[in-house]
Every structure is written in C-alpha cells, then in structure tokens.
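S.K.: my_file04.txt is the file, holding compact mmCIF, C-alpha atoms:
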```
# COMPACT_ATOMS: atom_id res chain seq x y z
CA MET B 1 38.95 48.18 -56.50
CA PHE B 2 42.13 46.12 -56.85
CA LYS B 3 42.60 42.68 -55.38
CA LEU B 4 46.12 41.97 -54.12
CA TYR B 5 47.03 38.33 -53.64
CA TYR B 6 49.84 38.11 -51.12
CA THR B 7 51.55 35.79 -48.66
CA PRO B 8 53.03 37.20 -45.45
CA GLY B 9 56.82 37.28 -45.46
CA THR B 10 57.08 37.52 -49.25
CA CYS B 11 57.95 40.33 -51.65
CA ALA B 12 54.21 40.99 -52.01
CA LEU B 13 54.62 43.35 -49.06
CA ALA B 14 56.31 45.90 -51.34
CA SER B 15 53.21 46.26 -53.52
CA HIS B 16 51.00 46.15 -50.45
CA ILE B 17 52.77 49.16 -48.95
CA ALA B 18 52.74 50.97 -52.30
CA LEU B 19 48.97 50.49 -52.55
CA GLU B 20 48.68 52.07 -49.11
CA ASP B 21 51.05 54.88 -50.12
CA ALA B 22 48.93 55.55 -53.21
CA GLY B 23 45.66 55.56 -51.32
CA ALA B 24 44.40 52.99 -53.80
CA PRO B 25 41.22 51.05 -53.09
CA TYR B 26 42.17 47.39 -52.70
CA GLU B 27 41.32 44.15 -51.00
CA ALA B 28 44.18 42.01 -49.67
CA VAL B 29 43.68 38.28 -50.22
CA ARG B 30 45.97 35.88 -48.42
CA ILE B 31 47.47 32.86 -50.20
CA SER B 32 48.78 30.13 -47.91
CA PHE B 33 52.10 28.58 -48.89
CA LYS B 34 51.60 26.03 -46.07
CA THR B 35 48.70 24.44 -47.93
CA ASN B 36 50.41 25.02 -51.31
CA GLN B 37 47.51 27.29 -52.25
CA GLN B 38 49.73 29.09 -54.77
CA ASN B 39 49.62 25.93 -56.90
CA SER B 40 45.88 25.30 -56.53
CA PRO B 41 43.86 25.31 -59.75
CA GLU B 42 41.98 28.38 -58.51
CA TYR B 43 45.15 30.41 -57.99
CA LEU B 44 46.92 29.12 -61.10
CA ALA B 45 43.97 30.49 -63.07
CA ILE B 46 44.91 33.91 -61.67
CA ASN B 47 48.68 33.51 -61.93
CA PRO B 48 49.89 30.48 -63.92
CA LYS B 49 53.37 31.02 -62.48
CA GLY B 50 52.09 29.97 -59.03
CA ARG B 51 53.75 32.87 -57.28
CA VAL B 52 52.71 35.90 -55.28
CA PRO B 53 52.02 38.75 -55.63
CA SER B 54 49.26 39.09 -58.20
CA LEU B 55 47.18 42.20 -58.68
CA VAL B 56 43.71 41.85 -60.13
CA THR B 57 42.56 45.04 -61.85
CA GLU B 58 39.54 45.97 -63.94
CA ARG B 59 41.72 45.58 -67.04
CA GLY B 60 43.24 42.24 -66.15
CA ILE B 61 45.82 40.64 -63.89
CA LEU B 62 49.35 41.87 -63.27
CA THR B 63 52.28 39.96 -61.79
CA GLU B 64 55.97 40.69 -61.04
CA THR B 65 56.79 43.22 -58.33
CA PRO B 66 58.67 45.80 -60.47
CA ALA B 67 55.78 45.93 -62.95
CA MET B 68 53.17 46.23 -60.21
CA LEU B 69 55.09 48.96 -58.39
CA ALA B 70 55.47 51.05 -61.55
CA PHE B 71 51.79 50.47 -62.35
CA ILE B 72 50.71 51.72 -58.92
CA ALA B 73 52.95 54.79 -59.27
CA GLN B 74 51.63 55.58 -62.77
CA SER B 75 48.01 54.95 -61.81
CA TYR B 76 48.17 57.33 -58.82
CA PRO B 77 50.39 60.19 -60.01
CA ALA B 78 49.22 62.47 -57.20
CA ALA B 79 50.98 60.19 -54.71
CA GLN B 80 54.30 60.97 -56.41
CA LEU B 81 55.70 57.49 -55.98
CA ALA B 82 58.03 57.77 -59.00
CA PRO B 83 59.44 60.53 -61.22
CA LEU B 84 56.87 59.87 -63.93
CA ASP B 85 57.72 62.79 -66.19
CA ASP B 86 61.46 62.17 -66.34
CA PRO B 87 62.45 59.04 -68.30
CA PHE B 88 66.00 59.03 -66.95
CA ALA B 89 64.98 59.40 -63.30
CA PHE B 90 62.22 56.83 -63.83
CA ALA B 91 64.83 54.46 -65.31
CA GLU B 92 66.99 54.90 -62.22
CA VAL B 93 64.02 53.81 -60.13
CA GLN B 94 63.50 50.83 -62.41
CA ALA B 95 67.19 49.89 -62.33
CA PHE B 96 66.88 49.68 -58.56
CA THR B 97 63.71 47.55 -58.61
CA SER B 98 65.26 45.33 -61.31
CA TYR B 99 68.34 44.79 -59.18
CA LEU B 100 66.21 43.81 -56.19
CA CYS B 101 64.13 41.31 -58.17
CA SER B 102 66.85 39.75 -60.32
CA THR B 103 69.86 39.78 -57.98
CA VAL B 104 68.92 40.38 -54.33
CA HIS B 105 65.69 38.38 -54.18
CA ILE B 106 67.35 35.59 -56.19
CA ALA B 107 70.35 35.41 -53.86
CA HIS B 108 67.91 35.14 -50.95
CA ALA B 109 65.86 32.43 -52.66
CA HIS B 110 68.85 30.09 -52.65
CA ARG B 111 68.40 29.64 -48.91
CA MET B 112 64.96 28.02 -48.98
CA ARG B 113 64.17 27.37 -52.63
CA GLY B 114 67.27 25.72 -54.03
CA TYR B 115 64.98 23.06 -55.52
CA ARG B 116 64.19 25.56 -58.26
CA TRP B 117 67.67 25.14 -59.69
CA ALA B 118 69.06 21.84 -58.33
CA THR B 119 67.98 18.45 -56.99
CA GLU B 120 70.61 17.21 -54.51
CA GLU B 121 70.56 17.84 -50.75
CA SER B 122 74.29 18.56 -50.90
CA SER B 123 73.61 21.34 -53.42
CA PHE B 124 70.93 22.87 -51.22
CA ALA B 125 73.30 22.86 -48.24
CA ASP B 126 76.04 24.42 -50.39
CA MET B 127 73.65 27.15 -51.57
CA GLN B 128 72.46 27.83 -48.02
CA ARG B 129 76.02 28.25 -46.78
CA MET B 130 76.67 30.94 -49.37
CA VAL B 131 73.57 33.06 -48.70
CA PRO B 132 75.05 35.21 -45.91
CA LYS B 133 77.96 36.10 -48.23
CA THR B 134 75.92 36.83 -51.35
CA MET B 135 73.28 38.78 -49.44
CA SER B 136 75.94 40.79 -47.63
CA ALA B 137 77.51 41.63 -50.99
CA CYS B 138 74.12 42.80 -52.26
CA TYR B 139 73.56 44.98 -49.21
CA ALA B 140 77.07 46.40 -49.48
CA MET B 141 76.31 47.37 -53.09
CA ILE B 142 73.08 49.05 -51.99
CA GLU B 143 74.64 50.74 -48.96
CA ASN B 144 77.66 52.06 -50.86
CA ASN B 145 76.41 52.68 -54.40
CA MET B 146 72.64 52.94 -54.52
CA LEU B 147 70.93 54.25 -51.39
CA ARG B 148 71.17 58.02 -51.62
CA GLY B 149 69.34 58.88 -48.41
CA PRO B 150 67.14 59.66 -46.72
CA TRP B 151 65.18 57.63 -49.28
CA VAL B 152 66.64 55.31 -51.91
CA MET B 153 66.39 57.95 -54.63
CA GLY B 154 67.23 60.89 -52.36
CA GLU B 155 64.80 63.44 -51.02
CA GLN B 156 61.78 61.92 -52.74
CA TYR B 157 60.15 58.75 -51.43
CA THR B 158 59.50 56.31 -54.30
CA ILE B 159 58.40 52.74 -54.99
CA CYS B 160 62.05 51.76 -54.39
CA ASP B 161 61.59 52.32 -50.67
CA PRO B 162 58.91 49.75 -49.80
CA TYR B 163 60.71 47.21 -51.99
CA LEU B 164 64.03 47.67 -50.18
CA PHE B 165 62.23 47.61 -46.82
CA THR B 166 60.56 44.32 -47.76
CA LEU B 167 63.82 42.56 -48.61
CA VAL B 168 65.59 43.96 -45.55
CA GLN B 169 62.99 42.12 -43.45
CA TRP B 170 64.77 38.94 -44.55
CA MET B 171 68.21 40.05 -43.33
CA GLU B 172 68.13 38.22 -40.01
CA GLY B 173 66.91 34.97 -41.58
CA ASP B 174 69.67 35.28 -44.15
CA SER B 175 72.26 35.65 -41.35
CA VAL B 176 73.27 39.12 -42.48
CA ASN B 177 74.31 41.48 -39.70
CA ARG B 178 72.16 44.59 -39.97
CA ALA B 179 74.74 46.57 -37.99
CA ASP B 180 77.14 46.20 -40.93
CA PHE B 181 74.82 48.37 -43.02
CA PRO B 182 73.95 51.42 -40.92
CA ARG B 183 72.45 53.47 -43.74
CA ILE B 184 70.12 50.62 -44.69
CA GLY B 185 69.27 50.28 -41.00
CA GLU B 186 68.35 53.97 -40.82
CA HIS B 187 66.21 53.56 -43.91
CA TYR B 188 64.43 50.62 -42.32
CA ALA B 189 63.72 52.59 -39.15
CA ARG B 190 62.48 55.54 -41.23
CA MET B 191 60.12 53.26 -43.12
CA MET B 192 58.71 51.92 -39.84
CA THR B 193 57.50 55.41 -38.94
CA ARG B 194 55.21 55.58 -41.99
CA ASP B 195 51.50 54.91 -41.56
CA SER B 196 51.34 53.09 -44.91
CA VAL B 197 53.99 50.60 -43.76
CA ARG B 198 52.31 50.01 -40.42
CA ARG B 199 48.92 49.47 -42.03
CA ALA B 200 50.23 46.95 -44.55
CA LEU B 201 52.17 45.08 -41.86
CA ALA B 202 49.12 45.04 -39.56
CA ILE B 203 46.88 43.64 -42.30
CA GLU B 204 49.39 40.90 -43.15
CA ALA B 205 49.90 40.02 -39.47
CA ALA B 206 46.18 39.85 -38.74
CA SER B 207 44.83 37.91 -41.67
CA MET N 208 74.90 60.14 -78.10
CA PHE N 209 74.55 57.10 -75.85
CA LYS N 210 77.34 54.65 -75.15
CA LEU N 211 76.23 51.02 -74.81
CA TYR N 212 78.65 48.69 -73.08
CA TYR N 213 77.94 45.15 -74.22
CA THR N 214 79.44 41.70 -74.52
CA PRO N 215 78.41 39.45 -77.42
CA GLY N 216 76.19 36.58 -76.37
CA THR N 217 74.75 38.42 -73.36
CA CYS N 218 71.42 40.06 -72.61
CA ALA N 219 72.95 43.37 -73.71
CA LEU N 220 71.74 42.44 -77.19
CA ALA N 221 68.16 43.31 -76.17
CA SER N 222 69.04 46.92 -75.47
CA HIS N 223 71.28 47.01 -78.53
CA ILE N 224 68.37 46.03 -80.77
CA ALA N 225 66.04 48.48 -79.00
CA LEU N 226 68.50 51.32 -79.64
CA GLU N 227 68.45 50.38 -83.32
CA ASP N 228 64.63 50.15 -83.25
CA ALA N 229 64.45 53.62 -81.70
CA GLY N 230 66.87 55.17 -84.17
CA ALA N 231 68.85 56.42 -81.19
CA PRO N 232 72.38 57.76 -81.67
CA TYR N 233 74.74 55.42 -79.85
CA GLU N 234 78.21 53.96 -79.82
CA ALA N 235 78.58 50.27 -78.99
CA VAL N 236 81.59 49.50 -76.76
CA ARG N 237 82.64 45.90 -76.35
CA ILE N 238 83.58 44.50 -72.93
CA SER N 239 85.58 41.26 -73.02
CA PHE N 240 84.59 38.61 -70.49
CA LYS N 241 87.63 36.57 -71.61
CA THR N 242 89.99 39.15 -70.11
CA ASN N 243 87.59 39.80 -67.18
CA GLN N 244 87.25 43.36 -68.41
CA GLN N 245 83.88 43.65 -66.65
CA ASN N 246 85.77 43.62 -63.35
CA SER N 247 88.50 46.06 -64.40
CA PRO N 248 88.74 49.28 -62.35
CA GLU N 249 87.80 51.27 -65.46
CA TYR N 250 84.59 49.34 -66.03
CA LEU N 251 83.67 49.07 -62.35
CA ALA N 252 83.74 52.88 -62.29
CA ILE N 253 80.98 52.73 -64.91
CA ASN N 254 79.05 49.83 -63.42
CA PRO N 255 80.13 48.76 -59.91
CA LYS N 256 78.13 45.55 -60.35
CA GLY N 257 80.65 44.36 -62.97
CA ARG N 258 77.96 43.30 -65.41
CA VAL N 259 76.79 44.23 -68.87
CA PRO N 260 74.89 46.04 -70.24
CA SER N 261 75.49 49.60 -69.12
CA LEU N 262 74.16 52.65 -70.93
CA VAL N 263 76.00 55.92 -70.57
CA THR N 264 73.71 58.90 -71.13
CA GLU N 265 74.12 62.65 -70.78
CA ARG N 266 72.30 62.42 -67.46
CA GLY N 267 74.25 59.51 -66.02
CA ILE N 268 74.65 55.77 -66.29
CA LEU N 269 71.87 53.20 -66.42
CA THR N 270 72.06 49.45 -65.81
CA GLU N 271 69.60 46.52 -65.74
CA THR N 272 67.96 45.47 -69.00
CA PRO N 273 64.29 46.11 -68.05
CA ALA N 274 65.14 49.65 -66.94
CA MET N 275 67.20 50.37 -70.06
CA LEU N 276 64.51 49.01 -72.37
CA ALA N 277 61.78 51.15 -70.78
CA PHE N 278 64.11 54.15 -70.88
CA ILE N 279 64.75 53.70 -74.60
CA ALA N 280 61.00 53.35 -75.25
CA GLN N 281 60.16 56.45 -73.20
CA SER N 282 62.99 58.51 -74.69
CA TYR N 283 61.91 57.76 -78.28
CA PRO N 284 58.11 57.77 -78.15
CA ALA N 285 57.83 58.10 -81.92
CA ALA N 286 59.29 54.60 -82.28
CA GLN N 287 56.29 53.22 -80.35
CA LEU N 288 58.29 50.58 -78.52
CA ALA N 289 55.88 50.44 -75.56
CA PRO N 290 52.30 51.56 -74.77
CA LEU N 291 53.53 54.67 -72.97
CA ASP N 292 50.15 56.30 -72.38
CA ASP N 293 48.44 53.25 -70.88
CA PRO N 294 49.72 52.30 -67.41
CA PHE N 295 48.09 48.87 -67.48
CA ALA N 296 49.42 47.93 -70.92
CA PHE N 297 52.83 49.33 -69.96
CA ALA N 298 52.73 47.18 -66.81
CA GLU N 299 52.03 44.11 -68.94
CA VAL N 300 55.19 44.91 -70.91
CA GLN N 301 57.11 45.32 -67.68
CA ALA N 302 55.74 42.10 -66.21
CA PHE N 303 57.16 40.32 -69.25
CA THR N 304 60.60 41.96 -69.03
CA SER N 305 60.65 41.31 -65.26
CA TYR N 306 59.90 37.63 -65.83
CA LEU N 307 62.73 37.36 -68.35
CA CYS N 308 65.28 39.02 -66.06
CA SER N 309 64.31 37.44 -62.75
CA THR N 310 63.23 33.94 -63.80
CA VAL N 311 64.34 33.02 -67.34
CA HIS N 312 67.78 34.65 -67.34
CA ILE N 313 68.39 33.35 -63.81
CA ALA N 314 67.48 29.78 -64.76
CA HIS N 315 69.91 30.05 -67.68
CA ALA N 316 72.67 31.47 -65.49
CA HIS N 317 72.76 28.26 -63.44
CA ARG N 318 74.43 26.52 -66.39
CA MET N 319 77.62 28.59 -66.46
CA ARG N 320 77.54 30.83 -63.40
CA GLY N 321 76.63 28.52 -60.54
CA TYR N 322 79.56 30.03 -58.62
CA ARG N 323 77.32 33.00 -57.93
CA TRP N 324 75.25 30.89 -55.54
CA ALA N 325 77.38 27.87 -54.57
CA THR N 326 80.99 26.72 -54.23
CA GLU N 327 81.15 22.94 -54.86
CA GLU N 328 81.75 21.30 -58.24
CA SER N 329 79.03 18.79 -57.43
CA SER N 330 76.55 21.66 -56.99
CA PHE N 331 77.55 23.17 -60.32
CA ALA N 332 77.03 19.83 -62.05
CA ASP N 333 73.67 19.42 -60.34
CA MET N 334 72.59 22.89 -61.45
CA GLN N 335 73.75 22.25 -65.01
CA ARG N 336 71.76 19.04 -65.22
CA MET N 337 68.58 20.89 -64.30
CA VAL N 338 68.91 23.76 -66.82
CA PRO N 339 67.19 22.02 -69.76
CA LYS N 340 64.19 21.30 -67.52
CA THR N 341 63.92 24.76 -65.93
CA MET N 342 64.46 26.55 -69.24
CA SER N 343 61.91 24.33 -70.98
CA ALA N 344 59.41 25.18 -68.23
CA CYS N 345 60.09 28.88 -68.77
CA TYR N 346 59.61 28.59 -72.52
CA ALA N 347 56.42 26.57 -72.03
CA MET N 348 55.09 29.38 -69.80
CA ILE N 349 55.95 31.94 -72.48
CA GLU N 350 54.64 29.83 -75.37
CA ASN N 351 51.33 28.99 -73.64
CA ASN N 352 50.58 32.00 -71.44
CA MET N 353 52.51 35.07 -72.55
CA LEU N 354 53.36 35.28 -76.24
CA ARG N 355 50.26 36.67 -77.92
CA GLY N 356 51.57 36.78 -81.48
CA PRO N 357 52.71 37.87 -83.88
CA TRP N 358 54.66 39.92 -81.32
CA VAL N 359 54.85 39.26 -77.60
CA MET N 360 52.19 41.86 -76.81
CA GLY N 361 50.09 41.16 -79.91
CA GLU N 362 49.92 43.34 -83.00
CA GLN N 363 52.31 45.96 -81.68
CA TYR N 364 56.07 45.32 -81.60
CA THR N 365 57.49 46.36 -78.20
CA ILE N 366 60.66 46.17 -76.12
CA CYS N 367 59.51 42.69 -75.06
CA ASP N 368 60.41 41.36 -78.50
CA PRO N 369 64.16 41.99 -78.65
CA TYR N 370 64.46 40.75 -75.05
CA LEU N 371 62.72 37.44 -75.83
CA PHE N 372 64.75 37.08 -79.03
CA THR N 373 67.96 37.59 -77.05
CA LEU N 374 67.23 34.85 -74.54
CA VAL N 375 66.01 32.45 -77.24
CA GLN N 376 69.49 32.67 -78.72
CA TRP N 377 70.61 30.65 -75.70
CA MET N 378 68.14 27.79 -76.29
CA GLU N 379 70.54 25.47 -78.05
CA GLY N 380 73.29 25.96 -75.47
CA ASP N 381 70.74 25.27 -72.76
CA SER N 382 69.76 21.99 -74.47
CA VAL N 383 66.20 23.12 -75.07
CA ASN N 384 64.58 21.81 -78.21
CA ARG N 385 63.34 24.80 -80.20
CA ALA N 386 60.90 22.55 -82.09
CA ASP N 387 58.98 22.07 -78.82
CA PHE N 388 58.04 25.74 -78.92
CA PRO N 389 56.78 26.50 -82.42
CA ARG N 390 55.28 29.90 -81.60
CA ILE N 391 58.53 31.08 -80.04
CA GLY N 392 60.32 29.71 -83.10
CA GLU N 393 58.08 31.74 -85.39
CA HIS N 394 58.73 34.81 -83.29
CA TYR N 395 62.46 34.24 -83.58
CA ALA N 396 62.25 33.92 -87.36
CA ARG N 397 60.10 37.06 -87.55
CA MET N 398 62.68 38.98 -85.52
CA MET N 399 65.44 37.87 -87.89
CA THR N 400 63.72 39.67 -90.76
CA ARG N 401 64.04 43.05 -89.01
CA ASP N 402 66.80 45.43 -90.06
CA SER N 403 67.33 46.55 -86.46
CA VAL N 404 68.05 42.99 -85.38
CA ARG N 405 70.42 42.35 -88.26
CA ARG N 406 72.32 45.56 -87.65
CA ALA N 407 72.79 44.88 -83.93
CA LEU N 408 73.87 41.30 -84.61
CA ALA N 409 76.31 42.44 -87.31
CA ILE N 410 77.90 45.03 -85.01
CA GLU N 411 78.33 42.48 -82.21
CA ALA N 412 79.74 39.87 -84.59
CA ALA N 413 82.23 42.29 -86.16
CA SER N 414 83.66 44.09 -83.18
```
Before we go any further, please render this structure as structure tokens.
M.R.:
Amino acid sequence: MFKLYYTPGTCALASHIALEDAGAPYEAVRISFKTNQQNSPEYLAINPKGRVPSLVTERGILTETPAMLAFIAQSYPAAQLAPLDDPFAFAEVQAFTSYLCSTVHIAHAHRMRGYRWATEESSFADMQRMVPKTMSACYAMIENNMLRGPWVMGEQYTICDPYLFTLVQWMEGDSVNRADFPRIGEHYARMMTRDSVRRALAIEAAS
Amino acid sequence: MFKLYYTPGTCALASHIALEDAGAPYEAVRISFKTNQQNSPEYLAINPKGRVPSLVTERGILTETPAMLAFIAQSYPAAQLAPLDDPFAFAEVQAFTSYLCSTVHIAHAHRMRGYRWATEESSFADMQRMVPKTMSACYAMIENNMLRGPWVMGEQYTICDPYLFTLVQWMEGDSVNRADFPRIGEHYARMMTRDSVRRALAIEAAS
C-alpha cells in the first residue's frame, strides 16, 4: 500500500492518475498549502524539501514527479505505462517528463512563486507579466514538436499523458489561450474520458 | 556511434562523463554559445529547444540530461551506472537527477539567464543577488539529506555522480563557499581522480 501526499492543483495529480492507471493500492493524503502544512515538522520528516508530491513505499520515500512516474510504470509493468524494455523509447518518455518538470513547470512557477528566485515586488510583477509568453512558447514546442497523438508518445498511452494533462490544467490561470493549441486541447479532452483521470480528480476534489 | 552535442561549462558535461564511464563509442561536437550556434537552423533541426546537450543515436535524438543519463546507464548495463533491476533504487537515482535539473540547475540559471523569466534589468539584478542563497540552500539539502557517500547513492557509483560533479563546478561562479559543504567537496575531489572525468574534461578543454 503506497501513501501519496498531494495538494489539489499541483503536479501531484500526475502521479495520482498514474497510480490509478496502474491499479496500484494507495492512500491519498492531502497536504494543505493554506496552513503551510508542507513546511510542518511532520511533513518535512517525510520530504525535507517541503514540496508535494511524496510517495511513501515499503522501501522508503520517493519524491520528484518524473522519478515517481517511472517508478509506478516499472512497478506495474502489466499496465504498460512506459516502454520498459526499450531504453531509447523509455528515454524519449523521460525526455518529455524532464522537459515538463524543468522547463514548463518552472515557467509556470514564476507566476505565483517568484519569491523562490527574487525578493522585490517589481521582480514578481515582471515575472508574472512574462508567464503567458513563456508558457505559450512551451505549449507551442509541445504542440509542434513533441505530442505525437493521439497520446504524447503516439498510439501507446504512457506516464507522459497524465503529466501533460496536469500542467494543461494551469493554462487558463497562466493566461494561455487553449484554442491556440488544438492538438493539446484534443489530448486534454481524451484524457477526461478516462476512468483513472476522473477517479483521481474526484478524490482530490472531495478531500 | 553516438554524437554528443555539448558546450563547455554546461550540464552537458554530466552526459559526457557518463559516456566515458560506460565505454560508449561517441563523438563530441562542440556548440558555441558565443556565436549563438545553439539557435542556428542547423542545430535547431537537431534540438528545436536550442539547448545542449543533445545525443544523436541510431534510433533518433535525445535531449534532457536526466533522460540521457538513464539511457546511457540502461544501454550499457555492464558499466553498472544505475540499479537497473530495482525500480525503487532506480527511482531514488531519478529523484536525485530530477532535483538537480528542476531545482538546482534552475536556481543557478537565474544568475545569467534571468531573461528566460523576466525582462527588466532590475529583476535580473534581484535574481542575481539571490543566487548565492538559493544555491547554498540546494547544496545544504544535498549535503545533509541526499549525498550518502562515498558516492551519491552510497557504495555504488551511479549517473548521479557526474551530474552532481558538473553542477558543483558552478559553485564558485555562484558565490557559494565550497568549504561550507565538506562532504560535497570530498565527492568533487573523488570524482577528479576518475579517468572518465579527466578524459571528458580534457576533451571539452581542448576542442
């Protein structure tokens, strides 16, 4: 039984959906950013970085979305969530998840979390103004160079798909026009038809 | 025969060292940031993101350091560069490489590449002032919570090691005091005794 620490509206949703896709036994535990629970002594003992998601396993605790997604795929090979027997194809999956965590998520974070990298209000405002442009550039890269269709990696659904879906949920807040990226929009709609996605979203909405 | 596109002083060094560790056949091809070669039509055809590293393989082109490192480890299992048969231990490796790419490298990038996320000179100066603090916090997290010793993952050298070594090369430029992190300093010195590290550094210095 895994324990997934998550906060609604965060990238934890990607791992949450993947756990559902895998049919893995797990308990979802909500961490409240409003009460700064991610920096409580209890949570810092689980994840000293004070971030979500964290995945508690029998072997120990995992953090970082790309690592957790690959772990879920490797732990439940029957679910076929990644091309596990093909190092090149697996690396393509990982290149996509790396891009989302190190470029797309980071561009997004400059809207609300500029304090991670600066101190002045004027800097925060400057960063916020640029988010629609940087996020649109990221989505253009995905739309034109990465998303093969119908799923990110082509015919086979993989861990790339819930991760893209999760970040696309932030499009409106980032003032990116979803209509500019029709293939990403189709992908999003396709994801919404999956039971695993609906279950994860329902759990996060209810808790 | 792989082709590694790199620029000296960048995170491409991690993959360069890993290729040497693996005994992989490769050609190192230098991309000059000074002439903006990373944004030339020729290079954008290889990597539309206009970044290094890129790894050209017989199957296609890979980007993103964590993906390339895992690919090298999986393609050369005899080199034992990752715990390939243990999904949890492999995920621990990946959590480390994810942290370096999405938190440590990003914190560093705010010193010289603030234009990725802002437009005003005052914002760039603000970001630059914060880099010693954010990078020191990253290195404290690694020193106290991640680096097991003698290698990052303990007794076994992995792809985590050349990646950490690569980022530690930026410490001085980021105004971080290496003496504050003695275990990371020992790791750096240990890396410098490896033939693979010396060969990669020599190639990048000579080209």
S.K.: Residues of chain B no more than 8 Å from chain N, counting all atoms listed in the file: send them over as a ChimeraX atom specification.
M.R.: /B:48-49,59,62-64,66-68,70-71,74-75,87-88,90-92,94-95,98-99,101-103,106-107,110,116-120,122-123,126-127,129-131,134,141,145
S.K.: State, in Å with one decimal place, the distance from CA of Arg258 (chain N) to CA of Phe240 (chain N).
M.R.: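 Taking CA of Arg258 (chain N) and CA of Phe240 (chain N), their separation equals 9.6 Å.
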S.K.: Contacts of Val259 (chain N) at 9 Å or less, counting all atoms listed in the file, minus same-chain residues fewer than 6 places along, as a PyMOL selection string?
M.R.: chain N and resi 212-214+217-219+238+245+270-272
S.K.: What does the structure give for the distance between CA of Pro25 (chain B) and CA of Met1 (chain B), in Å to one decimal?
M.R.: 5.0 Å
S.K.: Can you report as JSON the centre and edge lengths in Å, to one decimal, of an axis-aligned box around the listed atoms of region 187-199 of chain B padded with 4 Å on each side?
M.R.:
```
{"center_x": 57.6, "center_y": 52.5, "center_z": -41.9, "size_x": 25.3, "size_y": 14.1, "size_z": 14.0}
```
S.K.: Could you produce a table of the residues of region 98-172 of chain B lying within 10 Å of region 188-199 of chain B, with the nearest pair of atoms per residue and their separation in Å rounded to one decimal, using only C-alpha atoms, ordered by chain and increasing residue number, as CSV?
M.R.:
```
residue,atom,partner,partner_atom,distance
B:Pro150,CA,B:Arg190,CA,8.3
B:Trp151,CA,B:Arg190,CA,8.7
B:Tyr157,CA,B:Met191,CA,10.0
B:Asp161,CA,B:Met191,CA,7.7
B:Pro162,CA,B:Met191,CA,7.6
B:Leu164,CA,B:Tyr188,CA,8.4
B:Phe165,CA,B:Tyr188,CA,5.8
B:Thr166,CA,B:Tyr188,CA,9.2
B:Val168,CA,B:Tyr188,CA,7.5
B:Gln169,CA,B:Tyr188,CA,8.7
```
S.K.: As an exercise, work out the distance from CA of Pro132 (chain B) to CA of Gly257 (chain N) in Å and give it to one decimal place.
M.R.: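 Answer for the CA of Pro132 (chain B) to CA of Gly257 (chain N) separation: 20.2 Å.
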S.K.: Show which residues sit within 9 Å of Ala200 (chain B), as a list in words. Count only C-alpha atoms, and ignore same-chain residues fewer than 5 positions away.
M.R.: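 Listing them by chain and then by number gives Leu13, His16, Ile17, Leu19, Glu20, Asp195 and Ala205 of chain B.
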